[in-house]
Structures are given as C-alpha cells and as structure tokens.
$ cat target-v9.txt   # compact mmCIF, C-alpha atoms
# COMPACT_ATOMS: atom_id res chain seq x y z
CA LEU A 1 9.32 3.22 4.99
CA ASP A 2 11.19 6.42 5.76
CA ARG A 3 7.95 8.26 5.14
CA TYR A 4 6.24 5.92 7.62
CA ALA A 5 8.88 6.63 10.28
CA TYR A 6 8.54 10.37 9.70
CA HIS A 7 4.75 10.31 10.04
CA HIS A 8 4.72 7.76 12.84
CA SER A 9 6.84 9.79 15.27
CA GLN A 10 5.12 10.96 18.44
CA LYS A 11 4.54 14.47 17.13
CA ARG A 12 3.38 13.50 13.63
CA GLU A 13 0.77 10.75 14.06
CA THR A 14 -1.34 10.80 10.87
CA ALA A 15 -3.88 8.80 8.91
CA LEU A 16 -0.97 7.20 7.00
CA THR A 17 -0.22 5.07 10.05
CA GLU A 18 -3.44 3.12 9.65
CA ALA A 19 -2.90 2.62 5.92
CA TYR A 20 0.69 1.42 6.43
CA GLU A 21 -0.41 -1.00 9.13
CA GLU A 22 -2.86 -2.54 6.64
CA LEU A 23 -0.04 -3.07 4.13
CA GLU A 24 2.45 -4.34 6.70
CA ALA A 25 1.38 -7.97 6.29
CA CYS A 26 1.84 -7.75 2.51
CA LEU A 27 5.33 -6.27 2.28
CA PRO A 28 8.65 -8.00 2.87
CA LEU A 29 10.69 -6.89 5.84
CA ALA A 30 13.75 -4.77 5.13
CA LYS A 31 17.06 -6.41 5.97
CA ASP A 32 20.27 -4.69 6.97
CA GLY A 33 23.22 -4.94 4.65
CA PRO A 34 24.30 -4.16 1.12
CA GLU A 35 21.43 -6.12 -0.40
CA GLU A 36 18.87 -3.67 0.98
CA ALA A 37 19.14 -1.20 -1.94
CA ALA A 38 18.68 -3.97 -4.49
CA MET A 39 15.71 -5.31 -2.55
CA VAL A 40 14.08 -1.88 -2.50
CA GLN A 41 14.51 -1.49 -6.26
CA GLU A 42 13.10 -4.97 -6.87
CA LEU A 43 10.15 -4.25 -4.58
CA GLN A 44 9.49 -1.00 -6.44
CA ARG A 45 9.52 -2.80 -9.79
CA THR A 46 7.24 -5.53 -8.47
CA LEU A 47 4.76 -3.02 -6.99
CA ASN A 48 4.68 -1.08 -10.25
CA ASP A 49 4.04 -4.29 -12.21
CA PHE A 50 1.27 -5.25 -9.80
CA LEU A 51 -0.43 -1.86 -10.06
CA ARG A 52 -0.17 -1.77 -13.86
CA ALA A 53 -2.02 -5.09 -13.99
CA GLN A 54 -4.95 -3.74 -11.94
CA PRO A 55 -8.05 -2.06 -13.38
CA GLU A 56 -7.80 1.74 -13.45
CA ASP A 57 -10.31 2.32 -10.62
CA ALA A 58 -8.68 -0.26 -8.32
CA ARG A 59 -5.25 1.27 -9.02
CA ARG A 60 -6.61 4.75 -8.24
CA PHE A 61 -8.21 3.59 -4.97
CA PHE A 62 -5.04 1.75 -3.94
CA LEU A 63 -2.83 4.78 -4.52
CA ARG A 64 -5.19 7.20 -2.83
CA ARG A 65 -5.46 4.90 0.19
CA TYR A 66 -1.86 3.75 0.59
CA TRP A 67 0.18 6.53 -0.99
CA TYR A 68 -1.86 9.58 -0.05
CA GLY A 69 -3.28 8.07 3.16
CA GLU A 70 -6.91 8.98 2.55
CA ALA A 71 -9.45 7.48 4.92
CA LEU A 72 -11.81 4.93 3.40
CA SER A 73 -14.85 6.97 4.43
CA GLU A 74 -13.44 10.08 2.74
CA LEU A 75 -12.45 8.13 -0.36
CA ALA A 76 -15.88 6.47 -0.57
CA ALA A 77 -17.70 9.79 -0.25
CA GLN A 78 -15.63 11.41 -2.99
CA GLU A 79 -15.98 8.43 -5.34
CA GLY A 80 -19.67 7.78 -4.69
CA GLU A 81 -18.96 4.30 -3.32
CA ARG A 82 -19.96 2.57 -0.12
CA PRO A 83 -17.18 2.37 2.49
CA ALA A 84 -17.84 -1.37 2.94
CA ARG A 85 -17.30 -1.99 -0.79
CA LEU A 86 -14.01 -0.10 -0.74
CA ALA A 87 -12.88 -1.92 2.40
CA GLN A 88 -13.57 -5.23 0.66
CA LEU A 89 -11.74 -4.06 -2.47
CA MET A 90 -8.71 -2.99 -0.40
CA LEU A 91 -8.68 -6.39 1.33
CA ARG A 92 -8.74 -8.18 -2.04
CA LEU A 93 -6.00 -5.92 -3.40
CA ARG A 94 -3.78 -6.56 -0.36
CA ARG A 95 -4.28 -10.32 -0.69
CA SER A 96 -3.55 -10.13 -4.40
CA LEU A 97 -0.45 -8.01 -3.73
CA ARG A 98 0.82 -10.52 -1.19
CA ALA A 99 0.29 -13.41 -3.64
CA HIS A 100 2.05 -11.42 -6.38
CA LEU A 101 5.02 -10.67 -4.12
CA GLU A 102 5.29 -14.29 -3.02
CA ALA A 103 5.17 -15.42 -6.65
CA GLU A 104 8.04 -13.00 -7.37
CA GLY A 105 10.04 -14.60 -4.56
CA ALA A 106 9.71 -11.93 -1.87
CA GLU A 107 10.07 -13.16 1.70
CA ILE A 108 7.11 -11.79 3.65
$ encode --input "target-v9.txt" --output "structure tokens"
Amino acid sequence: LDRYAYHHSQKRETALTEAYEELEACLPLAKDGPEEAAMVQELQRTLNDFLRAQPEDARRFFLRRYWYGEALSELAAQEGERPARLAQLMLRLRRSLRAHLEAEGAEI
C-alpha cells in the first residue's frame, strides 16, 4: 500500500494505479492501531498461500499484472495470448482471491 501511495501521488501517476484499483475490491482495508502489523503479516501469508495454489501460468500473469504493473495488452503480446482471455483470467483470479481471503476470515 505504501508503494501505491508513492506511485499514486500527483507527480508519479503510473500503470500500477489501474492494477491496484482492480485489486482494491479483493483486499481488506487496513485499520489503524497495533493490530495492523499482524494483519499485514497474515495478509502476506494468505496471499502467498493463494498464489502457491494457482497454476504456474496464472501465478506468473497475476504477479506481472499486480506486482510489476504491466498492462494487459503488453502482457498479452509478450505471452502470445489474447487480451480478452487475460482480462477474463484476471477477473477469475480476483474473484478467487476474494473468496480465499473471506474463507480465511479477512474483512473485505
């Protein structure tokens, strides 16, 4: 989230903004207080578990899209995929991530 704030400032608007906005509905909101650090660690563990359970290509696409902020069109061209297929895959992954987080008890 700190990375989002850094890239989202007026002077640093990047492609990551769009990717983070897509994930916003899947991730729990940060709360102020001493529990925040524990929540971040739990979220990290849960995300890692989720990604480990995904097929290798889906995991690669997810990381390239949401960690490295690559545009879907760029990602599709490099991977020899159709942008529409990748958009659908990203939608399914976000829905699956949300369900996984809810099953783990995250408040979204």
$ residues_around --input "target-v9.txt" --residues "stretch 63-76 of chain A" --least-positions-apart "6" --cutoff "9 Å" --atoms "all atoms listed in the file" --output "JSON list (two decimals) with C-alpha atoms, in the coordinates of the input"
[["chain", "number", "residue", "atom", "x", "y", "z"],
["A", 14, "THR", "CA", -1.34, 10.80, 10.87],
["A", 15, "ALA", "CA", -3.88, 8.80, 8.91],
["A", 16, "LEU", "CA", -0.97, 7.20, 7.00],
["A", 17, "THR", "CA", -0.22, 5.07, 10.05],
["A", 18, "GLU", "CA", -3.44, 3.12, 9.65],
["A", 19, "ALA", "CA", -2.90, 2.62, 5.92],
["A", 20, "TYR", "CA", 0.69, 1.42, 6.43],
["A", 22, "GLU", "CA", -2.86, -2.54, 6.64],
["A", 23, "LEU", "CA", -0.04, -3.07, 4.13],
["A", 51, "LEU", "CA", -0.43, -1.86, -10.06],
["A", 82, "ARG", "CA", -19.96, 2.57, -0.12],
["A", 83, "PRO", "CA", -17.18, 2.37, 2.49],
["A", 84, "ALA", "CA", -17.84, -1.37, 2.94],
["A", 85, "ARG", "CA", -17.30, -1.99, -0.79],
["A", 86, "LEU", "CA", -14.01, -0.10, -0.74],
["A", 87, "ALA", "CA", -12.88, -1.92, 2.40],
["A", 90, "MET", "CA", -8.71, -2.99, -0.40]]
$ closest_residue --input "target-v9.txt" --among "A:Glu42, A:Phe61, A:Leu91, A:Cys26" --to "A:Glu104" --atoms "all atoms listed in the file"
A:Glu42
$ closest_residue --input "target-v9.txt" --among "A:Asp57, A:Ala38, A:Phe50, A:Arg45" --to "A:Arg95" --atoms "all atoms listed in the file"
A:Phe50
$ residues_around --input "target-v9.txt" --residues "A:Ala99" --least-positions-apart "6" --cutoff "12 Å" --atoms "all atoms listed in the file" --output "PDB file with C-alpha atoms, in the frame of the given file"
ATOM      1  CA  ALA A  25       1.380  -7.970   6.290  1.00  0.00           C
ATOM      2  CA  CYS A  26       1.840  -7.750   2.510  1.00  0.00           C
ATOM      3  CA  LEU A  27       5.330  -6.270   2.280  1.00  0.00           C
ATOM      4  CA  PRO A  28       8.650  -8.000   2.870  1.00  0.00           C
ATOM      5  CA  THR A  46       7.240  -5.530  -8.470  1.00  0.00           C
ATOM      6  CA  LEU A  47       4.760  -3.020  -6.990  1.00  0.00           C
ATOM      7  CA  PHE A  50       1.270  -5.250  -9.800  1.00  0.00           C
ATOM      8  CA  ARG A  92      -8.740  -8.180  -2.040  1.00  0.00           C
ATOM      9  CA  LEU A  93      -6.000  -5.920  -3.400  1.00  0.00           C
ATOM     10  CA  GLY A 105      10.040 -14.600  -4.560  1.00  0.00           C
ATOM     11  CA  ALA A 106       9.710 -11.930  -1.870  1.00  0.00           C
ATOM     12  CA  GLU A 107      10.070 -13.160   1.700  1.00  0.00           C
ATOM     13  CA  ILE A 108       7.110 -11.790   3.650  1.00  0.00           C
TER      14      ILE A 108
END
$ axis_aligned_box --input "target-v9.txt" --around "stretch 91-107 of chain A" --padding-each-side "3 Å" --output "JSON"
{"center_x": 0.7, "center_y": -10.7, "center_z": -2.8, "size_x": 24.8, "size_y": 15.5, "size_z": 15.1}
$ atom_distance --input "target-v9.txt" --atom1 "atom CA of A:Arg59" --atom2 "atom CA of A:Glu24"
18.4 Å
$ atom_distance --input "target-v9.txt" --atom1 "atom CA of A:Val40" --atom2 "atom CA of A:Leu101"
12.7 Å
$ atom_distance --input "target-v9.txt" --atom1 "atom CA of A:Gln78" --atom2 "atom CA of A:Arg52"
23.0 Å
